[in-house]
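J.: I'm passing along run.txt; it holds compact mmCIF, C-alpha atoms.
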# COMPACT_ATOMS: atom_id res chain seq x y z
CA MET A 1 112.32 135.36 63.77
CA THR A 2 114.18 134.18 66.83
CA VAL A 3 112.02 133.26 69.80
CA GLN A 4 113.55 134.28 73.12
CA PRO A 5 113.14 131.80 75.96
CA ASP A 6 110.95 133.06 78.80
CA GLN A 7 111.00 132.16 82.48
CA SER A 8 108.74 129.16 81.90
CA THR A 9 111.11 127.50 79.47
CA ASP A 10 114.04 128.36 81.74
CA ARG A 11 112.25 126.59 84.61
CA VAL A 12 111.53 123.53 82.47
CA ALA A 13 115.22 123.32 81.60
CA GLU A 14 116.16 123.74 85.26
CA LEU A 15 113.79 120.98 86.37
CA ALA A 16 114.98 118.61 83.64
CA ALA A 17 118.66 119.20 84.34
CA ALA A 18 118.28 118.85 88.10
CA LEU A 19 116.43 115.55 88.01
CA ALA A 20 118.65 114.11 85.29
CA GLY A 21 121.69 114.99 87.38
CA GLY A 22 120.31 113.80 90.72
CA GLY A 23 119.69 117.34 91.98
CA PHE A 24 116.86 118.95 93.96
CA PRO A 25 115.27 121.86 92.07
CA TRP A 26 113.51 123.53 95.03
CA ALA A 27 114.78 125.74 97.82
CA SER A 28 113.63 123.29 100.51
CA LYS A 29 111.52 120.22 101.18
CA ASP A 30 108.66 122.49 102.28
CA ALA A 31 108.88 124.34 98.96
CA MET A 32 108.69 121.04 97.11
CA LEU A 33 105.60 120.00 99.12
CA GLU A 34 103.97 123.34 98.31
CA ALA A 35 104.68 122.74 94.62
CA SER A 36 103.23 119.24 94.94
CA GLN A 37 99.99 120.70 96.27
CA SER A 38 99.92 123.30 93.49
CA TYR A 39 100.78 121.13 90.51
CA TRP A 40 100.17 117.49 91.44
CA ASN A 41 97.61 116.29 94.01
CA PRO A 42 96.62 118.71 96.77
CA GLY A 43 94.40 116.22 98.60
CA LYS A 44 96.92 113.41 98.80
CA THR A 45 99.87 115.69 99.58
CA ARG A 46 98.00 117.42 102.40
CA PHE A 47 96.71 114.10 103.77
CA TRP A 48 100.22 112.77 104.39
CA ILE A 49 101.44 116.02 105.89
CA ASP A 50 98.48 116.04 108.27
CA GLU A 51 99.09 112.38 109.17
CA GLY A 52 102.63 113.20 110.24
CA VAL A 53 104.17 111.36 107.30
CA PRO A 54 105.64 114.11 105.07
CA LEU A 55 107.61 111.55 103.08
CA VAL A 56 109.42 112.66 99.93
CA ILE A 57 111.48 109.72 98.74
CA ASP A 58 114.96 110.46 97.46
CA ARG A 59 117.52 107.65 97.31
CA ARG A 60 116.32 104.10 97.52
CA GLU A 61 118.05 100.73 97.41
CA GLY A 62 117.14 97.26 98.56
CA TYR A 63 114.48 97.59 101.22
CA HIS A 64 115.55 101.06 102.35
CA LEU A 65 114.09 104.45 101.47
CA HIS A 66 115.79 107.78 102.20
CA ASP A 67 113.70 110.92 102.58
CA VAL A 68 115.09 114.12 101.02
CA SER A 69 115.56 115.37 104.59
CA GLY A 70 117.73 112.35 105.45
CA HIS A 71 115.21 110.19 107.34
CA THR A 72 115.81 106.51 106.48
CA LEU A 73 113.00 103.96 106.41
CA ILE A 74 112.82 100.19 105.96
CA ASP A 75 110.07 99.61 103.39
CA VAL A 76 107.45 97.15 104.62
CA HIS A 77 104.76 98.56 102.35
CA LEU A 78 106.53 97.96 99.03
CA ASN A 79 103.89 99.98 97.18
CA GLY A 80 101.54 97.02 97.32
CA GLY A 81 104.26 94.52 96.39
CA THR A 82 105.82 96.51 93.55
CA TYR A 83 109.13 96.19 95.35
CA ASN A 84 108.89 92.50 96.30
CA LEU A 85 112.51 92.14 95.17
CA GLY A 86 113.62 95.45 96.68
CA HIS A 87 114.13 98.89 95.23
CA ARG A 88 116.35 99.08 92.18
CA ASN A 89 117.12 95.37 92.32
CA PRO A 90 120.56 95.03 90.70
CA ASP A 91 119.63 92.02 88.55
CA VAL A 92 116.51 93.70 87.15
CA LEU A 93 118.39 96.96 86.64
CA ALA A 94 121.18 95.19 84.77
CA ALA A 95 118.70 93.38 82.53
CA VAL A 96 116.92 96.62 81.59
CA LYS A 97 120.14 98.58 81.11
CA ASN A 98 121.50 95.91 78.78
CA ALA A 99 118.20 95.71 76.91
CA MET A 100 118.24 99.47 76.27
CA ASP A 101 121.02 98.88 73.75
CA ARG A 102 118.45 96.98 71.66
CA PHE A 103 114.89 97.72 72.80
CA ASP A 104 112.61 100.63 73.63
CA VAL A 105 108.83 100.70 74.21
CA GLY A 106 108.28 98.92 70.90
CA ASN A 107 105.22 99.06 68.67
CA HIS A 108 102.08 97.52 70.13
CA HIS A 109 100.72 96.55 66.69
CA PHE A 110 103.37 93.99 65.79
CA PRO A 111 104.63 90.66 67.11
CA SER A 112 107.54 91.22 69.47
CA MET A 113 110.38 89.06 70.76
CA ALA A 114 110.15 90.53 74.24
CA ARG A 115 106.35 90.29 74.53
CA THR A 116 106.31 86.75 73.19
CA ALA A 117 109.12 85.61 75.49
CA LEU A 118 107.39 86.96 78.59
CA ALA A 119 104.03 85.53 77.49
CA GLU A 120 105.57 82.08 77.08
CA ALA A 121 107.21 82.32 80.51
CA LEU A 122 103.96 83.39 82.17
CA VAL A 123 101.91 80.62 80.53
CA ARG A 124 104.50 77.98 81.44
CA THR A 125 104.33 78.98 85.11
CA ALA A 126 100.57 79.70 85.27
CA PRO A 127 97.77 77.67 86.83
CA ALA A 128 96.42 74.96 84.52
CA GLY A 129 94.32 76.08 81.57
CA LEU A 130 95.67 79.62 81.20
CA THR A 131 97.03 79.77 77.67
CA LYS A 132 97.05 83.40 76.49
CA VAL A 133 98.55 86.65 77.79
CA ILE A 134 97.22 90.19 77.27
CA TYR A 135 99.28 93.14 78.48
CA GLY A 136 98.47 96.40 80.23
CA SER A 137 100.53 99.19 81.73
CA GLY A 138 98.73 99.39 85.10
CA GLY A 139 96.62 97.19 87.34
CA GLY A 140 93.35 99.00 86.63
CA GLU A 141 93.82 98.62 82.89
CA ALA A 142 94.52 94.91 83.35
CA ILE A 143 91.32 94.50 85.37
CA ASP A 144 89.42 96.31 82.61
CA ILE A 145 90.86 93.84 80.10
CA ALA A 146 89.83 90.91 82.30
CA ILE A 147 86.27 92.21 82.61
CA LYS A 148 85.96 92.90 78.88
CA SER A 149 87.29 89.42 78.13
CA ALA A 150 84.74 87.81 80.46
CA ARG A 151 81.88 89.81 78.97
CA HIS A 152 82.91 88.85 75.45
CA ALA A 153 83.22 85.17 76.33
CA THR A 154 79.90 84.89 78.18
CA LYS A 155 77.87 87.58 76.41
CA ARG A 156 76.79 88.78 79.88
CA ARG A 157 77.33 92.13 81.62
CA LYS A 158 77.25 91.52 85.38
CA ILE A 159 80.51 91.35 87.34
CA VAL A 160 80.25 90.23 90.97
CA SER A 161 82.86 91.41 93.46
CA ILE A 162 83.05 91.57 97.24
CA VAL A 163 82.03 94.35 99.60
CA LYS A 164 85.06 96.57 100.36
CA ALA A 165 86.84 95.30 97.26
CA TYR A 166 89.48 97.25 95.41
CA HIS A 167 90.60 96.38 91.89
CA GLY A 168 91.78 99.74 90.53
CA HIS A 169 90.42 103.12 89.49
CA THR A 170 89.95 102.84 85.73
CA GLY A 171 86.68 102.76 83.80
CA LEU A 172 85.39 99.25 84.54
CA ALA A 173 87.66 98.36 87.44
CA VAL A 174 86.35 101.17 89.64
CA GLY A 175 82.83 99.72 89.49
CA THR A 176 84.01 96.50 91.16
CA GLY A 177 85.37 98.35 94.17
CA ASP A 178 84.08 100.18 97.21
CA ASP A 179 81.69 103.03 96.44
CA ARG A 180 84.08 105.50 98.06
CA PHE A 181 85.92 105.43 94.74
CA SER A 182 83.11 104.71 92.27
CA ARG A 183 80.42 107.12 93.45
CA MET A 184 82.47 110.30 93.09
CA PHE A 185 82.96 109.59 89.38
CA LEU A 186 79.35 108.42 88.81
CA SER A 187 80.62 104.90 88.17
CA ASP A 188 78.57 103.06 90.77
CA ALA A 189 76.21 100.83 88.81
CA PRO A 190 74.82 98.14 91.15
CA ALA A 191 72.92 96.45 88.35
CA ASP A 192 76.16 95.69 86.51
CA PHE A 193 78.50 95.42 89.52
CA PRO A 194 76.75 93.76 92.49
CA HIS A 195 78.84 93.30 95.64
CA VAL A 196 78.57 90.47 98.17
CA GLU A 197 80.20 89.91 101.54
CA PHE A 198 83.54 88.10 101.54
CA ASN A 199 83.40 84.53 102.88
CA ASP A 200 79.59 84.46 102.57
CA LEU A 201 79.02 81.53 100.23
CA GLY A 202 75.22 81.84 100.48
CA ALA A 203 75.36 85.45 99.27
CA MET A 204 77.57 84.41 96.37
CA ALA A 205 75.16 81.61 95.42
CA ASP A 206 72.28 84.10 95.45
CA ALA A 207 74.22 86.51 93.23
CA LEU A 208 74.86 83.81 90.64
CA ARG A 209 71.45 82.15 90.72
CA GLY A 210 70.10 84.09 87.74
CA ASP A 211 72.71 82.69 85.35
CA ASP A 212 73.40 86.23 84.16
CA VAL A 213 76.83 86.93 85.68
CA ALA A 214 79.83 87.18 83.36
CA ALA A 215 82.46 86.83 86.07
CA VAL A 216 83.22 86.82 89.75
CA ILE A 217 86.35 88.82 90.55
CA MET A 218 88.21 88.55 93.84
CA GLU A 219 91.64 89.21 95.23
CA THR A 220 92.78 85.93 96.73
CA ILE A 221 93.37 87.92 99.94
CA PRO A 222 91.69 91.34 99.73
CA ALA A 223 94.48 93.85 100.37
CA THR A 224 92.78 97.23 100.70
CA TYR A 225 90.21 95.59 102.99
CA GLY A 226 92.98 94.64 105.41
CA PHE A 227 93.88 91.11 104.27
CA PRO A 228 90.92 89.13 105.63
CA MET A 229 91.77 85.50 104.99
CA PRO A 230 89.46 83.33 102.88
CA ALA A 231 87.72 80.68 104.95
CA PRO A 232 88.93 77.14 104.27
CA GLY A 233 87.32 75.89 101.08
CA TYR A 234 85.60 79.21 100.30
CA LEU A 235 87.44 80.11 97.08
CA ALA A 236 87.18 76.59 95.71
CA ALA A 237 83.45 76.59 96.48
CA VAL A 238 83.05 79.91 94.64
CA LYS A 239 84.83 78.43 91.64
CA ARG A 240 82.42 75.48 91.64
CA LEU A 241 79.46 77.87 91.77
CA CYS A 242 80.92 79.73 88.80
CA GLU A 243 81.21 76.50 86.83
CA ASP A 244 77.63 75.57 87.71
CA HIS A 245 76.28 78.90 86.42
CA GLY A 246 78.46 79.48 83.34
CA THR A 247 80.34 82.29 85.10
CA LEU A 248 84.09 82.93 84.78
CA TYR A 249 86.36 83.24 87.80
CA ILE A 250 88.84 86.16 87.74
CA ALA A 251 91.66 85.88 90.27
CA ASP A 252 93.17 89.28 91.05
CA GLU A 253 96.72 88.30 92.00
CA VAL A 254 98.22 91.79 91.64
CA GLN A 255 99.20 91.80 95.32
CA THR A 256 98.99 88.13 96.36
CA GLY A 257 100.86 86.67 93.41
CA LEU A 258 104.55 86.39 92.57
CA GLY A 259 105.63 84.41 95.59
CA ARG A 260 104.19 86.45 98.44
CA THR A 261 102.17 83.55 99.89
CA GLY A 262 105.00 81.08 99.31
CA ALA A 263 103.41 79.86 96.07
CA LEU A 264 104.02 81.72 92.81
CA TRP A 265 100.26 82.34 92.57
CA GLY A 266 98.33 82.49 95.83
CA ILE A 267 95.18 81.11 94.21
CA THR A 268 96.82 77.73 93.61
CA LYS A 269 97.03 77.17 97.38
CA HIS A 270 93.23 77.03 97.33
CA ASN A 271 93.08 74.39 94.57
CA VAL A 272 91.50 76.85 92.14
CA ASP A 273 92.38 77.09 88.47
CA PRO A 274 90.93 80.49 87.50
CA ASP A 275 89.58 81.33 84.05
CA ILE A 276 91.45 84.64 84.17
CA LEU A 277 94.36 85.72 86.35
CA VAL A 278 95.60 89.31 86.67
CA THR A 279 99.15 90.15 87.72
CA GLY A 280 101.02 93.42 88.07
CA LYS A 281 102.94 95.50 90.63
CA GLY A 282 105.82 93.10 91.41
CA LEU A 283 105.86 91.92 87.80
CA SER A 284 107.51 95.25 87.00
CA GLY A 285 110.51 94.45 89.18
CA GLY A 286 109.89 97.95 90.52
CA ILE A 287 111.61 99.31 87.40
CA TYR A 288 109.20 99.52 84.45
CA PRO A 289 105.37 99.55 84.55
CA ILE A 290 103.79 96.39 83.17
CA THR A 291 100.77 94.22 83.97
CA ALA A 292 99.40 91.06 82.42
CA VAL A 293 96.12 89.19 82.09
CA LEU A 294 96.41 85.42 81.75
CA ALA A 295 93.33 83.76 80.26
CA THR A 296 91.98 80.45 79.05
CA ASP A 297 91.26 79.95 75.37
CA GLU A 298 87.58 80.56 76.08
CA ALA A 299 88.16 83.79 78.00
CA ALA A 300 90.65 85.04 75.42
CA ALA A 301 88.57 84.16 72.37
CA TRP A 302 88.40 87.79 71.26
CA LEU A 303 92.14 87.67 70.50
CA THR A 304 91.37 85.31 67.62
CA GLU A 305 88.14 86.99 66.59
CA ASP A 306 89.62 90.50 66.49
CA GLY A 307 93.13 90.97 67.84
CA PHE A 308 92.65 94.74 67.68
CA GLY A 309 89.74 94.56 70.15
CA HIS A 310 91.88 96.08 72.89
CA ILE A 311 94.80 98.38 72.16
CA SER A 312 97.32 99.66 74.69
CA THR A 313 100.24 101.72 73.43
CA PHE A 314 102.36 101.01 76.50
CA GLY A 315 100.88 97.64 77.41
CA GLY A 316 103.67 95.09 77.08
CA ALA A 317 106.32 97.71 76.42
CA GLU A 318 109.42 95.76 75.41
CA LEU A 319 111.65 97.15 78.16
CA GLY A 320 108.88 96.30 80.62
CA CYS A 321 108.83 92.73 79.36
CA VAL A 322 112.57 92.46 79.97
CA ALA A 323 112.12 93.77 83.52
CA ALA A 324 109.25 91.35 84.10
CA LEU A 325 111.17 88.34 82.80
CA SER A 326 114.05 89.17 85.11
CA ALA A 327 111.67 89.64 88.06
CA LEU A 328 109.88 86.37 87.29
CA ASP A 329 113.18 84.52 87.05
CA LEU A 330 114.35 85.88 90.41
CA THR A 331 111.03 85.04 92.05
CA LEU A 332 111.10 81.45 90.78
CA ARG A 333 114.60 80.69 92.06
CA ALA A 334 114.76 78.05 94.77
CA GLU A 335 116.70 80.35 97.10
CA THR A 336 113.93 82.96 96.87
CA ARG A 337 111.24 80.42 97.69
CA ASP A 338 113.33 79.10 100.59
CA ASN A 339 113.84 82.62 101.90
CA VAL A 340 110.09 83.36 101.81
CA GLU A 341 109.43 80.18 103.77
CA ALA A 342 112.05 81.15 106.35
CA LEU A 343 110.74 84.70 106.60
CA SER A 344 107.20 83.43 107.06
CA GLY A 345 108.35 81.52 110.12
CA ILE A 346 110.43 84.40 111.51
CA PHE A 347 107.56 86.86 111.27
CA ALA A 348 105.00 84.37 112.56
CA GLU A 349 107.05 83.78 115.69
CA GLY A 350 108.07 87.42 116.18
CA LEU A 351 104.61 88.87 115.70
CA ALA A 352 103.05 86.24 117.96
CA ALA A 353 105.45 87.30 120.71
CA ILE A 354 104.52 90.97 120.21
CA ARG A 355 100.82 90.11 120.32
CA ALA A 356 101.34 88.16 123.54
CA GLU A 357 102.94 91.26 125.05
CA PHE A 358 100.17 93.62 123.92
CA PRO A 359 97.09 91.37 123.61
CA ASP A 360 94.57 94.16 124.21
CA TRP A 361 96.08 96.37 121.47
CA LEU A 362 97.34 94.00 118.76
CA VAL A 363 94.22 91.85 118.60
CA GLY A 364 94.74 89.94 115.36
CA ILE A 365 97.39 88.73 112.92
CA ARG A 366 96.19 87.89 109.41
CA LYS A 367 98.89 86.03 107.59
CA ASP A 368 99.72 83.83 104.61
CA GLY A 369 103.43 83.70 103.82
CA VAL A 370 104.61 87.31 103.83
CA VAL A 371 101.15 88.72 103.19
CA ILE A 372 100.41 90.10 106.66
CA GLY A 373 97.74 92.30 108.21
CA LEU A 374 98.00 93.48 111.82
CA GLU A 375 94.64 94.26 113.45
CA PHE A 376 94.41 96.76 116.31
CA ALA A 377 91.76 97.49 118.93
CA HIS A 378 90.79 100.92 117.63
CA ARG A 379 88.80 101.86 114.55
CA GLU A 380 91.87 103.74 113.24
CA GLY A 381 94.49 101.84 115.18
CA ALA A 382 96.71 101.17 112.18
CA LYS A 383 97.14 104.92 111.64
CA TYR A 384 98.57 105.34 115.14
CA VAL A 385 100.95 102.45 114.55
CA MET A 386 101.90 103.72 111.09
CA ARG A 387 102.95 107.09 112.50
CA ARG A 388 105.07 105.50 115.22
CA LEU A 389 106.64 103.11 112.73
CA TYR A 390 107.47 106.07 110.47
CA GLN A 391 109.17 107.85 113.35
CA GLY A 392 111.06 104.67 114.18
CA GLY A 393 112.32 104.05 110.64
CA ILE A 394 109.70 101.67 109.17
CA TRP A 395 107.27 102.42 106.36
CA ALA A 396 104.03 100.42 106.45
CA ILE A 397 100.55 101.68 105.60
CA PHE A 398 97.07 101.38 107.05
CA SER A 399 94.38 99.58 105.06
CA THR A 400 92.30 102.22 103.28
CA LEU A 401 88.97 100.44 103.72
CA ASP A 402 89.64 99.13 107.23
CA PRO A 403 92.08 101.40 109.09
CA ARG A 404 92.10 99.07 112.09
CA VAL A 405 94.46 96.92 110.03
CA LEU A 406 98.06 97.68 109.11
CA GLN A 407 99.30 96.32 105.78
CA TYR A 408 102.62 94.75 106.72
CA LYS A 409 104.46 93.22 103.78
CA PRO A 410 108.12 92.25 104.11
CA GLY A 411 110.02 91.76 100.86
CA LEU A 412 110.86 88.35 99.43
CA LEU A 413 114.63 88.88 99.78
CA VAL A 414 114.69 90.38 103.29
CA THR A 415 117.55 88.85 105.30
CA PRO A 416 117.02 87.28 108.73
CA ALA A 417 119.04 90.12 110.29
CA LEU A 418 116.85 92.77 108.66
CA ALA A 419 113.73 90.82 109.67
CA ALA A 420 114.88 90.91 113.30
CA ASP A 421 115.44 94.66 113.04
CA ILE A 422 111.97 95.17 111.52
CA LEU A 423 110.36 93.15 114.32
CA GLU A 424 112.15 95.07 117.08
CA ARG A 425 111.16 98.42 115.59
CA THR A 426 107.61 97.12 115.15
CA ARG A 427 107.43 96.08 118.79
CA GLU A 428 108.52 99.54 119.94
CA ALA A 429 106.08 101.30 117.61
CA ILE A 430 103.22 99.14 118.88
CA ARG A 431 104.21 99.86 122.49
CA LEU A 432 104.22 103.63 121.90
CA SER A 433 101.10 103.70 119.74
CA LYS A 434 99.04 101.97 122.41
CA ASP A 435 99.36 105.06 124.58
CA ASP A 436 98.73 107.40 121.64
CA ALA A 437 95.32 105.89 121.02
CA ARG A 438 94.04 106.46 124.56
Could you express the structure from this file as structure tokens?
T.:
Amino acid sequence: MTVQPDQSTDRVAELAAALAGGGFPWASKDAMLEASQSYWNPGKTRFWIDEGVPLVIDRREGYHLHDVSGHTLIDVHLNGGTYNLGHRNPDVLAAVKNAMDRFDVGNHHFPSMARTALAEALVRTAPAGLTKVIYGSGGGEAIDIAIKSARHATKRRKIVSIVKAYHGHTGLAVGTGDDRFSRMFLSDAPADFPHVEFNDLGAMADALRGDDVAAVIMETIPATYGFPMPAPGYLAAVKRLCEDHGTLYIADEVQTGLGRTGALWGITKHNVDPDILVTGKGLSGGIYPITAVLATDEAAAWLTEDGFGHISTFGGAELGCVAALSALDLTLRAETRDNVEALSGIFAEGLAAIRAEFPDWLVGIRKDGVVIGLEFAHREGAKYVMRRLYQGGIWAIFSTLDPRVLQYKPGLLVTPALAADILERTREAIRLSKDDAR
């Protein structure tokens, strides 16, 4: 019997052909946004429309995004650092395209050239003591792996994180973060996931006093909390407390790693050698999802005891490893490091001048390298600035857990000319947003 195609299969074919050929399979942008609300995520789609940021990204290259309606934006959000090296970086693209003649996702059960090569590269460039690599496909999964590894190594359950933390939305990771995300899924378990204030060493000492904590997990600079900077000596003191109480230190470097602070790993600037380090986002080169957990022999002991203890079909996908190796190579080049140092100075000077012009509105600049948070004198000030930046051709995002602060993250390969353009547009957006917030 011959089965006749119905309208549903016709639509599937239409959607597939349009996207494969670079087409747009809706009658208009509004129709696409309606479909997004129907089939994808109504809450998130409606949020951005209501915020005056109805962005639907079409073409993208370097540090520029083009909306389907033609609006062009300079990307200073970078999806949390995913696009450190720009969108569709030509070197990463070429590496993956060439690798497709030989590799695909691979088979997670077996030793792999690509996985082993990336693991060796990560260990050789890691903080001292990190000797093993475990792969995931997303940041939350990698945090889950880190937590499971710490619990196995210490035979303890508790994981201490900071108030207003964010480490992902998966099963264990969500418990370490703000209860906005954990409570709705009944994943808030204070007994297993106590939270302490950032930069409060006394609170951290109290949390560890019972010698029952498997690990402390912190972003080196907490991103979703608006990039508050660690007090001098704080992270090193936390590491010493961990050592005193048999607790492992997990450094979440998903956003602060891979050159953004000027060092390959931000944690090394604080003289801390973590027991576990998590990397992701920029590791993908913006091309293929991949994350990695780097661990000491002690923290990774389960790999020897039972290498099947964690299984991830797409973790360490071979094409992802090729993308990551290319991204790591680009990040490590001397010219990239030199450019980050130069950009750090350009933005420090430019933002200081803007703050001097609007001291009652731009009240704080939180900065380490090209990790930057701009603090405004309104409880949702960053939203006002974000909207004006969007209108003026810049995409930056407010901090979810502190919307006074704008996450402002220039890419590692931004040119001085583009940096000057970004700063001028930023100045104008800040000028206009000051009046909006009245």
J.: Near region 100-113 of chain A, within 8 Å and counting only C-alpha atoms, which residues show up once chain neighbours fewer than 3 positions away are dropped, as a list in words?
T.: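 Non-adjacent residues within range: Val96, Lys97, Thr116, Ala117, Ile311, Ser312, Thr313, Phe314, Gly315, Gly316, Ala317, Glu318, Leu319 and Gly320 of chain A.
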J.: Which is closer to Tyr288 (chain A) than all the others in A:His66, A:Leu264, A:Arg88, A:Arg337, using only C-alpha atoms?
T.: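 Closest to Tyr288 (chain A) of all the choices is A:Arg88.
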J.: Around the point (100.1, 93.1, 114.3) in the file's coordinates, collect all residues with an atom within 7 Å, using all atoms listed in the file, and return them as an MDAnalysis selection string.
T.: chainID A and resid 351 355 362 364:365 373:375
J.: Which value, in Å to one decimal, gives the distance between CA of Leu208 (chain A) and CA of Phe193 (chain A)?
T.: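 These atoms are spaced 12.2 Å apart.
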J.: Do you know which residues are at most 10 Å from Lys164 (chain A) counting only C-alpha atoms, after dropping those on the same chain fewer than 4 positions away, and could you put them as an MDAnalysis selection string?
T.: chainID A and resid 176:180 195:198 222:226 400:402
J.: Please, which residues are within 10 Å of (109.8, 103.7, 108.7) by the file's coordinates, counting all atoms listed in the file, and could they come as an MDAnalysis selection string?
T.: chainID A and resid 53 55 64:66 71:77 386:397 422 425:426 429
J.: A:Gly43, A:Pro359, A:Pro410, A:Gly307: which is nearest Phe347 (chain A), counting all atoms listed in the file?
T.: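 Smallest separation from Phe347 (chain A) among the options: A:Pro410.
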J.: Counting only C-alpha atoms, which residue out of A:Ser28, A:Ser137, A:Thr336, A:Ser326 sits closest to Lys281 (chain A)?
T.: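 Closest residue, counting only C-alpha atoms: A:Ser137.
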J.: Can you tell me which residues surround Ala191 (chain A) at a distance of at most 12 Å, considering all atoms listed in the file, apart from same-chain residues fewer than 6 positions away, and format the answer as an NGL selection string?
T.: :A and (157-160 or 175-176 or 207 or 212-213)
J.: Hey, which of A:Lys269, A:His310, A:Lys383, A:His167 ends up closest to Pro403 (chain A)? Count only C-alpha atoms.
T.: A:Lys383
J.: N, CA and C atoms are what I want for region 31-49 of chain A; can you complete it accordingly and write them as a compact mmCIF listing (two decimals), in the frame of the given file?
T.:
# COMPACT_ATOMS: atom_id res chain seq x y z
N ALA A 31 109.20 123.73 100.25
CA ALA A 31 108.88 124.34 98.96
C ALA A 31 108.44 123.28 97.95
N MET A 32 109.08 122.12 98.01
CA MET A 32 108.69 121.04 97.11
C MET A 32 107.28 120.55 97.43
N LEU A 33 106.94 120.43 98.73
CA LEU A 33 105.60 120.00 99.12
C LEU A 33 104.55 121.03 98.71
N GLU A 34 104.89 122.30 98.79
CA GLU A 34 103.97 123.34 98.31
C GLU A 34 103.75 123.19 96.81
N ALA A 35 104.81 122.93 96.07
CA ALA A 35 104.68 122.74 94.62
C ALA A 35 103.86 121.49 94.31
N SER A 36 104.01 120.46 95.13
CA SER A 36 103.23 119.24 94.94
C SER A 36 101.74 119.53 95.09
N GLN A 37 101.40 120.34 96.08
CA GLN A 37 99.99 120.70 96.27
C GLN A 37 99.47 121.56 95.12
N SER A 38 100.34 122.40 94.57
CA SER A 38 99.92 123.30 93.49
C SER A 38 99.75 122.56 92.17
N TYR A 39 100.71 121.68 91.86
CA TYR A 39 100.78 121.13 90.51
C TYR A 39 100.39 119.66 90.40
N TRP A 40 100.41 118.93 91.53
CA TRP A 40 100.17 117.49 91.44
C TRP A 40 98.84 117.14 92.08
N ASN A 41 98.81 116.80 93.36
CA ASN A 41 97.61 116.29 94.01
C ASN A 41 97.48 116.93 95.39
N PRO A 42 96.71 118.01 95.48
CA PRO A 42 96.62 118.71 96.77
C PRO A 42 96.04 117.84 97.89
N GLY A 43 95.03 117.03 97.57
CA GLY A 43 94.40 116.22 98.60
C GLY A 43 95.34 115.18 99.19
N LYS A 44 96.02 114.47 98.32
CA LYS A 44 96.92 113.41 98.80
C LYS A 44 98.14 114.01 99.50
N THR A 45 98.71 115.06 98.95
CA THR A 45 99.87 115.69 99.58
C THR A 45 99.53 116.18 100.98
N ARG A 46 98.40 116.88 101.11
CA ARG A 46 98.00 117.42 102.40
C ARG A 46 97.66 116.30 103.38
N PHE A 47 97.06 115.21 102.89
CA PHE A 47 96.71 114.10 103.77
C PHE A 47 97.94 113.58 104.50
N TRP A 48 99.03 113.34 103.77
CA TRP A 48 100.22 112.77 104.39
C TRP A 48 100.91 113.76 105.32
N ILE A 49 100.88 115.03 104.98
CA ILE A 49 101.44 116.02 105.89
C ILE A 49 100.66 116.02 107.19
